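Shown next, in structure tokens, is the structure this report addresses.
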Amino acid sequence: MLHIILYAIVPIFVVMALGYFSGKAGAFTGENARTLNKVVLNYALPAALFISIIKANRHMLSVDVKLTAVAFAVLIACFFLVYFVFKMYKGNTSGDAAVSALISGSPTIGFLGFAVLEPIFGTSAAVGLVIAIVAIEVNAIGIPIGLCLLNAGDAAKAAAQNGGKKPNPWMPVVNALKQPVAWAPILAVILVLCGVKWPDELSPSFTLISGANASIACFAAGITLSSVKVVFNGQVWMGSFLKLIIMPLSILVVGLLVHMDPMNLKMLVVCAALPPAFSGIIIASRYNVYVATGTSSLAVSTLLFMGACPLWIWITDMALKMFA
């Protein structure tokens with residue numbers, strides 16, 4: 001547990017703190033954070049996902065069918081659970097609920113997946129594959145769905161601004177799949193399924209930029225936190241509860257029921273327990289929707305993650321022993 005805290009969790013807070021105090025000192029602004037996040041989303045994260053998946057093989061993908069099915073089914077279910085729970089809050093719009101789902105209904109797998117899982121489980125292809133599968137669900141499915149819900153809630157306003165013509169509700173899906181963070185992991189999976197052998201000589205060209213993924217993302221998150229007023233209300237605590245308790249618990253229960261591989265289940269539970277998706281904060285800032293509450297939920301959940309991560313590893317170990 002001490003190893004997990006020192007090598008996987010503490011560095012996240014140190015880098016986020018650097019970003020936070022840099023923002024407070026005026027060295028960086030919210031606009032700088034958005035620029036850094038653009039580097040992560042368009043270059044560092046796609047490279048990290050691509051190079052992690054391409055190391056796998058068809059046999060590994062076929063063996064991990066349960067992993068893929070459980071990850072997709074449970075995470076999508078949790079995404080919609082968060083959406084409907086927050087939609088019931090008085091005063092919340094469909095847009096607020098959609099942003100809540102993008103934040104508390106998705107783990108920040110692309111930003112912190114490698115930073116947390118590699119110190120705990122190593123740098124094997126299996127680790128990269130788990131991260132990649134969850135990242136495909138979050139980026140290629142979750143984000144497009146969230147954008148559709150966000151746009152659908154604002155359809156009347158968009159129609160009024162567009163001469164009464166309603167926007168195509170599927171356009172956010174198409175636009176999302178055009179982004180490198182969505183198509184890069186999908187392309188890597190296709191290449192693996194086709195049996196393409198990736199030359200080792202090409203890997204350094206991807207690992208150099210992918211290495212900046214977690215550090216820049218944490219630093220940018222700190223800057224974002226410094227630029228908004230942090231609030232504490234029922235929605236913030238509810239988001240943290242759904243993200244850190246309900247999501248990993250759902251993964252654990254379903255994984256045990258379908259007899260997932262113990263190590264894959266353990267990694268998937270940790271993935272589900274990760275803090276809310278930073279990409280949700282980026283989208284919230286872009287649309288100016290739910291920014292203060294969403295960012296506060298991110299801050300609280302990230303702090304609570306220090307205790308939730310080792311706790312869920314322990315709970316998963318106990319559950320695996322009981323059902324062995």
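By convention in this document, the chains of the structure tokens carry letters A, B, ... by their order, each chain's residues are numbered from 1, and ligands are numbered from 1 in the order they are shown.
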Give me the residues within 8 Å of stretch 279-295 of chain A as an mmCIF file with all heavy atoms, in the first residue's frame, counting only C-alpha atoms and dropping any in the same chain fewer than 4 places off.
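Contents of the output file result_30.cif:
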data_model
loop_
_atom_site.group_PDB
_atom_site.id
_atom_site.type_symbol
_atom_site.label_atom_id
_atom_site.label_comp_id
_atom_site.auth_asym_id
_atom_site.auth_seq_id
_atom_site.Cartn_x
_atom_site.Cartn_y
_atom_site.Cartn_z
ATOM 1 N N ARG A 34 -6.004 25.040 -21.206
ATOM 2 C CA ARG A 34 -6.703 24.480 -22.364
ATOM 3 C C ARG A 34 -5.729 24.143 -23.483
ATOM 4 O O ARG A 34 -5.903 23.157 -24.203
ATOM 5 C CB ARG A 34 -7.775 25.455 -22.843
ATOM 6 C CG ARG A 34 -9.013 25.488 -21.947
ATOM 7 C CD ARG A 34 -10.122 26.326 -22.546
ATOM 8 N NE ARG A 34 -9.835 27.745 -22.420
ATOM 9 C CZ ARG A 34 -10.166 28.475 -21.364
ATOM 10 N NH1 ARG A 34 -10.766 27.923 -20.333
ATOM 11 N NH2 ARG A 34 -9.890 29.758 -21.330
ATOM 12 N N ASN A 37 -3.965 20.967 -22.472
ATOM 13 C CA ASN A 37 -4.879 19.839 -22.644
ATOM 14 C C ASN A 37 -5.036 19.459 -24.109
ATOM 15 O O ASN A 37 -5.236 18.284 -24.441
ATOM 16 C CB ASN A 37 -6.254 20.167 -22.042
ATOM 17 C CG ASN A 37 -6.277 20.015 -20.531
ATOM 18 O OD1 ASN A 37 -5.655 19.108 -19.991
ATOM 19 N ND2 ASN A 37 -6.971 20.903 -19.857
ATOM 20 N N GLY A 95 -27.971 19.657 -20.147
ATOM 21 C CA GLY A 95 -26.557 19.939 -20.376
ATOM 22 C C GLY A 95 -25.732 19.733 -19.121
ATOM 23 O O GLY A 95 -24.626 19.172 -19.171
ATOM 24 N N ASP A 96 -26.254 20.176 -17.967
ATOM 25 C CA ASP A 96 -25.559 19.959 -16.695
ATOM 26 C C ASP A 96 -25.390 18.468 -16.415
ATOM 27 O O ASP A 96 -24.315 18.012 -16.000
ATOM 28 C CB ASP A 96 -26.340 20.606 -15.549
ATOM 29 C CG ASP A 96 -26.403 22.119 -15.655
ATOM 30 O OD1 ASP A 96 -25.473 22.707 -16.235
ATOM 31 O OD2 ASP A 96 -27.385 22.697 -15.161
ATOM 32 N N VAL A 99 -22.717 16.913 -18.749
ATOM 33 C CA VAL A 99 -21.356 17.217 -18.314
ATOM 34 C C VAL A 99 -21.015 16.422 -17.052
ATOM 35 O O VAL A 99 -19.886 15.940 -16.890
ATOM 36 C CB VAL A 99 -21.185 18.733 -18.067
ATOM 37 C CG1 VAL A 99 -19.840 19.026 -17.415
ATOM 38 C CG2 VAL A 99 -21.301 19.498 -19.377
ATOM 39 N N SER A 100 -21.992 16.259 -16.158
ATOM 40 C CA SER A 100 -21.770 15.449 -14.957
ATOM 41 C C SER A 100 -21.404 14.024 -15.326
ATOM 42 O O SER A 100 -20.512 13.419 -14.728
ATOM 43 C CB SER A 100 -23.035 15.439 -14.084
ATOM 44 O OG SER A 100 -23.360 16.740 -13.652
ATOM 45 N N LEU A 102 -20.041 13.071 -18.167
ATOM 46 C CA LEU A 102 -18.717 13.097 -18.780
ATOM 47 C C LEU A 102 -17.614 13.173 -17.721
ATOM 48 O O LEU A 102 -16.502 12.693 -17.938
ATOM 49 C CB LEU A 102 -18.598 14.287 -19.728
ATOM 50 C CG LEU A 102 -19.332 14.156 -21.069
ATOM 51 C CD1 LEU A 102 -19.411 15.508 -21.766
ATOM 52 C CD2 LEU A 102 -18.631 13.147 -21.965
ATOM 53 N N ILE A 103 -17.937 13.759 -16.567
ATOM 54 C CA ILE A 103 -16.944 13.903 -15.501
ATOM 55 C C ILE A 103 -17.003 12.711 -14.548
ATOM 56 O O ILE A 103 -16.089 11.889 -14.490
ATOM 57 C CB ILE A 103 -17.163 15.228 -14.737
ATOM 58 C CG1 ILE A 103 -16.936 16.428 -15.667
ATOM 59 C CG2 ILE A 103 -16.218 15.316 -13.533
ATOM 60 C CD1 ILE A 103 -17.291 17.759 -15.050
ATOM 61 N N THR A 108 -10.687 8.925 -15.512
ATOM 62 C CA THR A 108 -9.679 9.654 -16.277
ATOM 63 C C THR A 108 -8.564 8.704 -16.695
ATOM 64 O O THR A 108 -7.389 8.874 -16.337
ATOM 65 C CB THR A 108 -9.131 10.840 -15.466
ATOM 66 O OG1 THR A 108 -8.195 11.574 -16.271
ATOM 67 C CG2 THR A 108 -8.472 10.395 -14.181
ATOM 68 N N THR A 224 -6.279 24.502 -14.002
ATOM 69 C CA THR A 224 -7.732 24.661 -14.103
ATOM 70 C C THR A 224 -8.351 24.862 -12.727
ATOM 71 O O THR A 224 -9.229 25.713 -12.536
ATOM 72 C CB THR A 224 -8.363 23.433 -14.780
ATOM 73 O OG1 THR A 224 -7.805 23.282 -16.090
ATOM 74 C CG2 THR A 224 -9.874 23.600 -14.906
ATOM 75 N N LEU A 225 -7.905 24.087 -11.741
ATOM 76 C CA LEU A 225 -8.434 24.223 -10.383
ATOM 77 C C LEU A 225 -8.144 25.596 -9.803
ATOM 78 O O LEU A 225 -8.937 26.119 -9.020
ATOM 79 C CB LEU A 225 -7.834 23.138 -9.486
ATOM 80 C CG LEU A 225 -8.321 21.704 -9.712
ATOM 81 C CD1 LEU A 225 -7.528 20.737 -8.842
ATOM 82 C CD2 LEU A 225 -9.797 21.587 -9.409
ATOM 83 N N VAL A 228 -10.864 28.501 -11.012
ATOM 84 C CA VAL A 228 -12.293 28.482 -10.692
ATOM 85 C C VAL A 228 -12.471 28.439 -9.173
ATOM 86 O O VAL A 228 -11.563 28.058 -8.428
ATOM 87 C CB VAL A 228 -12.994 27.254 -11.319
ATOM 88 C CG1 VAL A 228 -12.889 27.290 -12.834
ATOM 89 C CG2 VAL A 228 -12.422 25.953 -10.774
ATOM 90 N N LYS A 229 -13.652 28.854 -8.739
ATOM 91 C CA LYS A 229 -13.965 28.816 -7.316
ATOM 92 C C LYS A 229 -14.474 27.436 -6.948
ATOM 93 O O LYS A 229 -15.484 26.970 -7.476
ATOM 94 C CB LYS A 229 -15.021 29.874 -6.980
ATOM 95 C CG LYS A 229 -15.378 29.917 -5.500
ATOM 96 C CD LYS A 229 -16.444 30.968 -5.218
ATOM 97 C CE LYS A 229 -16.809 30.983 -3.732
ATOM 98 N NZ LYS A 229 -17.856 32.008 -3.450
ATOM 99 N N VAL A 230 -13.781 26.783 -6.045
ATOM 100 C CA VAL A 230 -14.165 25.447 -5.628
ATOM 101 C C VAL A 230 -15.370 25.530 -4.687
ATOM 102 O O VAL A 230 -15.379 26.319 -3.738
ATOM 103 C CB VAL A 230 -12.997 24.724 -4.921
ATOM 104 C CG1 VAL A 230 -13.424 23.346 -4.429
ATOM 105 C CG2 VAL A 230 -11.813 24.604 -5.858
ATOM 106 N N VAL A 231 -16.409 24.743 -4.965
ATOM 107 C CA VAL A 231 -17.616 24.726 -4.137
ATOM 108 C C VAL A 231 -17.819 23.321 -3.588
ATOM 109 O O VAL A 231 -17.359 22.332 -4.170
ATOM 110 C CB VAL A 231 -18.857 25.152 -4.948
ATOM 111 C CG1 VAL A 231 -18.724 26.580 -5.433
ATOM 112 C CG2 VAL A 231 -19.087 24.217 -6.133
ATOM 113 N N PHE A 232 -18.509 23.254 -2.447
ATOM 114 C CA PHE A 232 -18.816 21.962 -1.836
ATOM 115 C C PHE A 232 -20.321 21.901 -1.591
ATOM 116 O O PHE A 232 -20.858 22.644 -0.781
ATOM 117 C CB PHE A 232 -18.062 21.790 -0.514
ATOM 118 C CG PHE A 232 -16.577 21.790 -0.669
ATOM 119 C CD1 PHE A 232 -15.849 22.951 -0.447
ATOM 120 C CD2 PHE A 232 -15.892 20.639 -1.035
ATOM 121 C CE1 PHE A 232 -14.474 22.960 -0.596
ATOM 122 C CE2 PHE A 232 -14.514 20.642 -1.187
ATOM 123 C CZ PHE A 232 -13.810 21.808 -0.970
ATOM 124 N N GLN A 235 -24.159 17.863 -4.808
ATOM 125 C CA GLN A 235 -23.835 17.306 -6.116
ATOM 126 C C GLN A 235 -22.366 16.898 -6.202
ATOM 127 O O GLN A 235 -22.026 15.905 -6.850
ATOM 128 C CB GLN A 235 -24.179 18.312 -7.213
ATOM 129 C CG GLN A 235 -25.666 18.608 -7.318
ATOM 130 C CD GLN A 235 -26.016 19.390 -8.558
ATOM 131 O OE1 GLN A 235 -25.579 19.072 -9.650
ATOM 132 N NE2 GLN A 235 -26.826 20.427 -8.382
ATOM 133 N N VAL A 236 -21.506 17.667 -5.555
ATOM 134 C CA VAL A 236 -20.077 17.333 -5.541
ATOM 135 C C VAL A 236 -19.858 16.001 -4.824
ATOM 136 O O VAL A 236 -19.148 15.117 -5.325
ATOM 137 C CB VAL A 236 -19.268 18.451 -4.860
ATOM 138 C CG1 VAL A 236 -17.826 18.001 -4.623
ATOM 139 C CG2 VAL A 236 -19.281 19.720 -5.709
ATOM 140 N N ALA A 299 -11.827 17.822 -7.996
ATOM 141 C CA ALA A 299 -10.863 18.049 -6.921
ATOM 142 C C ALA A 299 -11.122 17.136 -5.731
ATOM 143 O O ALA A 299 -10.196 16.502 -5.195
ATOM 144 C CB ALA A 299 -10.920 19.518 -6.484
#
Taking 6 positions as the minimum chain separation for residues in the same chain, which residues sit within 6 Å of stretch 202-210 of chain A when counting only C-alpha atoms? Answer as an mmCIF file with C-alpha atoms, in the first residue's frame.
data_model
loop_
_atom_site.group_PDB
_atom_site.id
_atom_site.type_symbol
_atom_site.label_atom_id
_atom_site.label_comp_id
_atom_site.auth_asym_id
_atom_site.auth_seq_id
_atom_site.Cartn_x
_atom_site.Cartn_y
_atom_site.Cartn_z
ATOM 1 C CA ALA A 44 0.456 12.651 -26.223
ATOM 2 C CA ALA A 47 0.421 8.150 -29.018
ATOM 3 C CA ALA A 48 0.325 6.510 -25.588
#
- Message: Taking the DSSP secondary structure from the backbone, can you list the residues of stretch 112-254 of chain A that are alpha helix (DSSP H), as number ranges by chain?
- Response: A: 112-121, 125-136, 143-153, 155-161, 171-177, 180-193, 203-210, 213-226, 234-241, 247-254
- Item | Spatial neighbours of A:Ile109, max dist 10 Å, only C-alpha atoms, sep filter under 5 positions, as a VMD selection string | chain A and resid 114 to 117 130 to 136 138 to 139 214 270 to 278
Export of the given selection (C-alpha atoms) as a compact mmCIF listing (two decimals), in the first residue's frame:
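Final output, saved to part-v3.txt:
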# COMPACT_ATOMS: atom_id res chain seq x y z
CA PHE A 114 -0.52 4.80 -17.08
CA ALA A 115 0.63 6.92 -14.12
CA VAL A 116 -1.33 4.77 -11.65
CA LEU A 117 -1.41 1.26 -13.11
CA VAL A 130 -6.64 -2.81 -20.08
CA ILE A 131 -5.98 0.92 -20.23
CA ALA A 132 -6.61 0.97 -23.97
CA ILE A 133 -9.93 -0.92 -23.74
CA VAL A 134 -11.23 1.43 -21.06
CA ALA A 135 -9.89 4.43 -23.00
CA ILE A 136 -11.72 3.32 -26.16
CA VAL A 138 -14.40 6.56 -22.56
CA ASN A 139 -13.12 8.40 -25.65
CA ALA A 214 0.26 12.08 -17.56
CA VAL A 270 -8.47 0.22 -10.23
CA CYS A 271 -9.30 1.82 -13.59
CA ALA A 272 -12.91 2.28 -12.51
CA ALA A 273 -11.79 3.84 -9.22
CA LEU A 274 -9.68 6.49 -10.96
CA PRO A 275 -10.74 10.14 -10.46
CA PRO A 276 -13.30 11.72 -12.82
CA ALA A 277 -12.34 12.28 -16.44
CA PHE A 278 -10.32 15.45 -17.04
- Message: Neighbouring residues of A:Ile315 were defined as those with any atom within 12 Å, considering only C-alpha atoms; residues of the same chain fewer than 5 positions away were excluded. Please report them as an NGL selection string.
- Response: :A and (245 or 248-249 or 252-253 or 265-266 or 269-270 or 308-310 or 320-322)
- For A:Pro144, which residue out of A:Glu118, A:Asn213, A:Ser240, A:Ile76 is the nearest one, using only C-alpha atoms?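 Closest to A:Pro144, using only C-alpha atoms: A:Ile76.
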- Of the residues A:Met263, A:Val14, A:Ser296, A:Gly128, which is the one nearest to A:Ala188, using only C-alpha atoms? A:Gly128
- Query: Counting only C-alpha atoms, what is within 10 Å of A:Ala125, bar same-chain residues fewer than 3 positions away, as JSON, numbers by chain?
  - Reply: {"A": [51, 52, 53, 54, 55, 56, 57, 60, 122, 128, 129, 130, 131]}
- Task: Return the single residue from A:Thr35, A:Ser104, A:Asn264, A:Ser226 that is closest to A:Ile246, with distances computed using only C-alpha atoms.
- Result: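 Ranked by minimum distance to A:Ile246, first place goes to A:Ser104.
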- Message: For a quick check of understanding, using only C-alpha atoms, which of A:Cys78, A:His259, A:Ala126, A:Leu6 has the smallest distance to A:Ala324?
- Response: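 Closest residue, counting only C-alpha atoms: A:His259.
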